[in-house]
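Reproduced below: upload.tsv, with TSV, N, CA and C atoms.
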chain	number	residue	atom	x	y	z
O	1	MET	N	0.83	-1.18	0.00
O	1	MET	CA	0.00	0.00	0.00
O	1	MET	C	0.88	1.24	0.00
O	2	GLN	N	0.37	2.27	-0.55
O	2	GLN	CA	1.06	3.55	-0.49
O	2	GLN	C	0.98	4.04	0.94
O	3	PRO	N	1.92	4.91	1.37
O	3	PRO	CA	1.89	5.39	2.75
O	3	PRO	C	0.54	5.93	3.18
O	4	ASP	N	-0.13	6.67	2.31
O	4	ASP	CA	-1.42	7.24	2.67
O	4	ASP	C	-2.52	6.19	2.71
O	5	GLN	N	-2.26	4.99	2.15
O	5	GLN	CA	-3.25	3.93	2.15
O	5	GLN	C	-3.18	3.08	3.42
O	6	SER	N	-2.21	3.32	4.28
O	6	SER	CA	-2.07	2.51	5.49
O	6	SER	C	-2.57	3.23	6.73
O	7	SER	N	-3.25	4.35	6.54
O	7	SER	CA	-3.76	5.09	7.68
O	7	SER	C	-5.16	4.57	8.05
O	8	PRO	N	-5.58	4.83	9.28
O	8	PRO	CA	-6.92	4.40	9.68
O	8	PRO	C	-8.04	5.00	8.83
O	9	ALA	N	-7.77	6.10	8.14
O	9	ALA	CA	-8.79	6.76	7.34
O	9	ALA	C	-9.12	6.01	6.05
O	10	VAL	N	-8.28	5.07	5.65
O	10	VAL	CA	-8.51	4.33	4.41
O	10	VAL	C	-9.65	3.35	4.61
O	11	HIS	N	-10.59	3.38	3.68
O	11	HIS	CA	-11.75	2.49	3.75
O	11	HIS	C	-11.46	1.19	3.02
O	12	ASP	N	-12.15	0.12	3.42
O	12	ASP	CA	-12.04	-1.15	2.73
O	12	ASP	C	-12.51	-0.99	1.29
O	13	PRO	N	-11.78	-1.56	0.33
O	13	PRO	CA	-12.25	-1.51	-1.05
O	13	PRO	C	-13.50	-2.40	-1.20
O	14	ALA	N	-14.33	-2.10	-2.15
O	14	ALA	CA	-15.54	-2.90	-2.38
O	14	ALA	C	-15.14	-4.36	-2.60
O	15	GLY	N	-15.69	-5.25	-1.80
O	15	GLY	CA	-15.41	-6.67	-1.94
O	15	GLY	C	-14.15	-7.14	-1.25
O	16	GLY	N	-13.46	-6.26	-0.53
O	16	GLY	CA	-12.23	-6.62	0.16
O	16	GLY	C	-12.22	-6.08	1.57
O	17	VAL	N	-11.28	-6.57	2.37
O	17	VAL	CA	-11.19	-6.14	3.76
O	17	VAL	C	-9.74	-5.84	4.11
O	18	ILE	N	-9.51	-4.70	4.73
O	18	ILE	CA	-8.22	-4.36	5.32
O	18	ILE	C	-8.40	-4.62	6.81
O	19	GLU	N	-7.72	-5.64	7.34
O	19	GLU	CA	-7.88	-5.97	8.75
O	19	GLU	C	-7.31	-4.86	9.61
O	20	ARG	N	-7.99	-4.58	10.71
O	20	ARG	CA	-7.57	-3.51	11.60
O	20	ARG	C	-7.44	-4.02	13.03
O	21	ASP	N	-6.57	-3.36	13.82
O	21	ASP	CA	-6.44	-3.73	15.23
O	21	ASP	C	-7.54	-3.04	16.03
O	22	ALA	N	-7.51	-3.22	17.34
O	22	ALA	CA	-8.56	-2.67	18.21
O	22	ALA	C	-8.64	-1.15	18.13
O	23	ALA	N	-7.52	-0.50	17.79
O	23	ALA	CA	-7.50	0.97	17.69
O	23	ALA	C	-7.94	1.45	16.31
O	24	GLY	N	-8.22	0.51	15.39
O	24	GLY	CA	-8.65	0.90	14.05
O	24	GLY	C	-7.53	1.08	13.05
O	25	ASN	N	-6.30	0.76	13.45
O	25	ASN	CA	-5.16	0.90	12.55
O	25	ASN	C	-5.01	-0.36	11.69
O	26	PRO	N	-4.69	-0.20	10.41
O	26	PRO	CA	-4.50	-1.37	9.55
O	26	PRO	C	-3.35	-2.24	10.08
O	27	THR	N	-3.58	-3.57	10.08
O	27	THR	CA	-2.55	-4.50	10.56
O	27	THR	C	-1.63	-4.94	9.44
O	28	GLY	N	-2.04	-4.73	8.19
O	28	GLY	CA	-1.26	-5.21	7.06
O	28	GLY	C	-1.83	-6.48	6.47
O	29	PHE	N	-2.82	-7.09	7.12
O	29	PHE	CA	-3.46	-8.29	6.60
O	29	PHE	C	-4.60	-7.88	5.69
O	30	LEU	N	-4.53	-8.31	4.44
O	30	LEU	CA	-5.53	-7.95	3.44
O	30	LEU	C	-6.32	-9.18	3.04
O	31	LYS	N	-7.64	-9.08	3.03
O	31	LYS	CA	-8.50	-10.21	2.70
O	31	LYS	C	-9.21	-9.95	1.38
O	32	ASP	N	-9.19	-10.93	0.54
O	32	ASP	CA	-9.90	-10.95	-0.74
O	32	ASP	C	-9.22	-10.08	-1.80
O	33	PRO	N	-9.40	-10.45	-3.07
O	33	PRO	CA	-8.67	-9.81	-4.17
O	33	PRO	C	-8.71	-8.29	-4.23
O	34	PRO	N	-9.85	-7.63	-3.99
O	34	PRO	CA	-9.80	-6.16	-4.09
O	34	PRO	C	-8.84	-5.51	-3.09
O	35	ALA	N	-8.74	-6.06	-1.90
O	35	ALA	CA	-7.81	-5.50	-0.92
O	35	ALA	C	-6.37	-5.86	-1.28
O	36	ILE	N	-6.15	-7.07	-1.73
O	36	ILE	CA	-4.81	-7.52	-2.10
O	36	ILE	C	-4.30	-6.72	-3.29
O	37	ALA	N	-5.19	-6.34	-4.19
O	37	ALA	CA	-4.81	-5.57	-5.38
O	37	ALA	C	-4.19	-4.23	-5.01
O	38	LEU	N	-4.48	-3.74	-3.80
O	38	LEU	CA	-3.89	-2.46	-3.37
O	38	LEU	C	-2.37	-2.52	-3.33
O	39	VAL	N	-1.79	-3.70	-3.09
O	39	VAL	CA	-0.34	-3.81	-2.97
O	39	VAL	C	0.32	-4.55	-4.13
O	40	LEU	N	-0.43	-5.36	-4.86
O	40	LEU	CA	0.18	-6.17	-5.91
O	40	LEU	C	0.93	-5.34	-6.95
O	41	GLY	N	0.42	-4.19	-7.28
O	41	GLY	CA	1.08	-3.35	-8.28
O	41	GLY	C	2.43	-2.81	-7.83
O	42	ALA	N	2.68	-2.80	-6.52
O	42	ALA	CA	3.94	-2.27	-6.00
O	42	ALA	C	5.02	-3.35	-5.92
O	43	ILE	N	4.65	-4.60	-6.13
O	43	ILE	CA	5.62	-5.70	-6.04
O	43	ILE	C	6.22	-5.93	-7.42
O	44	PRO	N	7.53	-5.76	-7.55
O	44	PRO	CA	8.14	-5.96	-8.88
O	44	PRO	C	8.10	-7.43	-9.30
O	45	LYS	N	7.83	-7.65	-10.57
O	45	LYS	CA	7.82	-9.02	-11.10
O	45	LYS	C	9.25	-9.44	-11.38
O	46	PRO	N	9.57	-10.70	-11.06
O	46	PRO	CA	10.92	-11.16	-11.36
O	46	PRO	C	11.13	-11.32	-12.86
O	47	SER	N	12.38	-11.16	-13.29
O	47	SER	CA	12.70	-11.41	-14.70
O	47	SER	C	12.58	-12.90	-14.96
O	48	ALA	N	12.62	-13.30	-16.23
O	48	ALA	CA	12.55	-14.72	-16.57
O	48	ALA	C	13.69	-15.48	-15.90
O	49	GLU	N	14.88	-14.90	-15.89
O	49	GLU	CA	16.04	-15.54	-15.26
O	49	GLU	C	15.84	-15.68	-13.75
O	50	GLU	N	15.34	-14.63	-13.11
O	50	GLU	CA	15.07	-14.69	-11.68
O	50	GLU	C	14.00	-15.74	-11.37
O	51	TRP	N	12.95	-15.77	-12.21
O	51	TRP	CA	11.84	-16.71	-12.02
O	51	TRP	C	12.35	-18.15	-12.08
O	52	LEU	N	13.21	-18.45	-13.05
O	52	LEU	CA	13.76	-19.80	-13.17
O	52	LEU	C	14.62	-20.14	-11.95
O	53	GLY	N	15.37	-19.18	-11.45
O	53	GLY	CA	16.17	-19.40	-10.25
O	53	GLY	C	15.30	-19.68	-9.03
O	54	LEU	N	14.22	-18.93	-8.90
O	54	LEU	CA	13.29	-19.15	-7.78
O	54	LEU	C	12.63	-20.52	-7.88
O	55	LEU	N	12.26	-20.91	-9.09
O	55	LEU	CA	11.66	-22.23	-9.28
O	55	LEU	C	12.65	-23.34	-8.93
O	56	ALA	N	13.91	-23.17	-9.32
O	56	ALA	CA	14.94	-24.16	-9.01
O	56	ALA	C	15.11	-24.27	-7.49
O	57	GLN	N	15.09	-23.15	-6.79
O	57	GLN	CA	15.21	-23.17	-5.33
O	57	GLN	C	14.03	-23.90	-4.69
O	58	ALA	N	12.83	-23.60	-5.18
O	58	ALA	CA	11.63	-24.24	-4.65
O	58	ALA	C	11.66	-25.74	-4.93
O	59	GLN	N	12.07	-26.11	-6.12
O	59	GLN	CA	12.13	-27.53	-6.48
O	59	GLN	C	13.12	-28.26	-5.58
O	60	ALA	N	14.28	-27.67	-5.33
O	60	ALA	CA	15.28	-28.28	-4.47
O	60	ALA	C	14.75	-28.44	-3.04
O	61	MET	N	14.07	-27.42	-2.54
O	61	MET	CA	13.52	-27.48	-1.19
O	61	MET	C	12.49	-28.60	-1.07
O	62	HIS	N	11.60	-28.68	-2.04
O	62	HIS	CA	10.58	-29.72	-2.01
O	62	HIS	C	11.20	-31.11	-2.16
O	63	SER	N	12.17	-31.24	-3.03
O	63	SER	CA	12.84	-32.52	-3.23
O	63	SER	C	13.50	-33.02	-1.95
O	64	ARG	N	14.08	-32.11	-1.18
O	64	ARG	CA	14.72	-32.50	0.09
O	64	ARG	C	13.71	-33.13	1.05
O	65	HIS	N	12.45	-32.79	0.88
O	65	HIS	CA	11.39	-33.32	1.75
O	65	HIS	C	10.61	-34.45	1.09
O	66	GLY	N	11.09	-34.92	-0.05
O	66	GLY	CA	10.45	-36.05	-0.72
O	66	GLY	C	9.24	-35.69	-1.56
O	67	ILE	N	9.02	-34.41	-1.77
O	67	ILE	CA	7.88	-33.98	-2.59
O	67	ILE	C	8.35	-33.93	-4.04
O	68	THR	N	7.69	-34.70	-4.89
O	68	THR	CA	8.14	-34.80	-6.28
O	68	THR	C	7.24	-34.07	-7.27
O	69	THR	N	6.06	-33.67	-6.84
O	69	THR	CA	5.13	-33.00	-7.76
O	69	THR	C	4.50	-31.80	-7.06
O	70	ILE	N	4.47	-30.69	-7.75
O	70	ILE	CA	3.85	-29.46	-7.23
O	70	ILE	C	2.84	-28.99	-8.27
O	71	PHE	N	1.69	-28.54	-7.80
O	71	PHE	CA	0.66	-28.00	-8.68
O	71	PHE	C	0.31	-26.60	-8.19
O	72	GLU	N	0.41	-25.62	-9.06
O	72	GLU	CA	0.08	-24.24	-8.70
O	72	GLU	C	-1.13	-23.83	-9.53
O	73	PRO	N	-2.34	-23.89	-8.95
O	73	PRO	CA	-3.54	-23.58	-9.72
O	73	PRO	C	-3.64	-22.14	-10.20
O	74	LYS	N	-2.91	-21.23	-9.59
O	74	LYS	CA	-2.98	-19.83	-10.00
O	74	LYS	C	-1.92	-19.46	-11.03
O	75	ALA	N	-1.09	-20.43	-11.43
O	75	ALA	CA	-0.06	-20.13	-12.43
O	75	ALA	C	-0.74	-19.84	-13.78
O	76	GLY	N	-0.31	-18.78	-14.39
O	76	GLY	CA	-0.88	-18.40	-15.68
O	76	GLY	C	0.09	-18.70	-16.81
O	77	GLU	N	-0.29	-18.30	-18.00
O	77	GLU	CA	0.53	-18.56	-19.18
O	77	GLU	C	1.93	-17.97	-19.03
O	78	GLU	N	2.02	-16.79	-18.42
O	78	GLU	CA	3.31	-16.12	-18.26
O	78	GLU	C	4.27	-16.96	-17.41
O	79	GLU	N	3.75	-17.54	-16.32
O	79	GLU	CA	4.58	-18.34	-15.44
O	79	GLU	C	4.92	-19.71	-16.06
O	80	LEU	N	4.05	-20.22	-16.88
O	80	LEU	CA	4.23	-21.55	-17.44
O	80	LEU	C	4.97	-21.55	-18.78
O	81	ALA	N	5.21	-20.40	-19.35
O	81	ALA	CA	5.85	-20.32	-20.67
O	81	ALA	C	7.31	-20.71	-20.61
Whole structure given in structure tokens:
Amino acid sequence: MQPDQSSPAVHDPAGGVIERDAAGNPTGFLKDPPAIALVLGAIPKPSAEEWLGLLAQAQAMHSRHGITTIFEPKAGEEELA
């Protein structure tokens, strides 16, 4: 979120929830896609090279624990290309 989006004055987006503490301050926990979308645009996407490196790290971690197959239902064409 932008700095001004983390103040108590920010309202929940339609269809989403910004969780707040007892004092009404945002905790940073965002529920449902409209609230999550507030921060997704600020997260840089990894390059293809970085993405492959991250996948290799994840594969190695899972292999160490005996997991041989991973399914990511939210993976899109960009991630699978």
### Query
Can you tell me how far atom N of Asp32 (chain O) sits from atom C of Ala14 (chain O), in Å to one decimal?
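Going from atom N of Asp32 (chain O) over to atom C of Ala14 (chain O) covers 9.4 Å.
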### Task
Work out how far apart atom N of Lys45 (chain O) and atom N of Ala81 (chain O) are and give it in Å to one decimal.
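That distance, rounded to one decimal, is 15.7 Å.
Note that the spacing between CA of Ala48 (chain O) and atom C of Ala75 (chain O) amounts to 14.5 Å.
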### strand (DSSP E or B) residues, from DSSP on the backbone, in chain O, as a PyMOL selection string
chain O and resi 17-20+26-31
### Picked from chain O by DSSP as helix (DSSP H, G or I), as a ChimeraX atom specification
/O:3-6,33-40,48-64,77-80
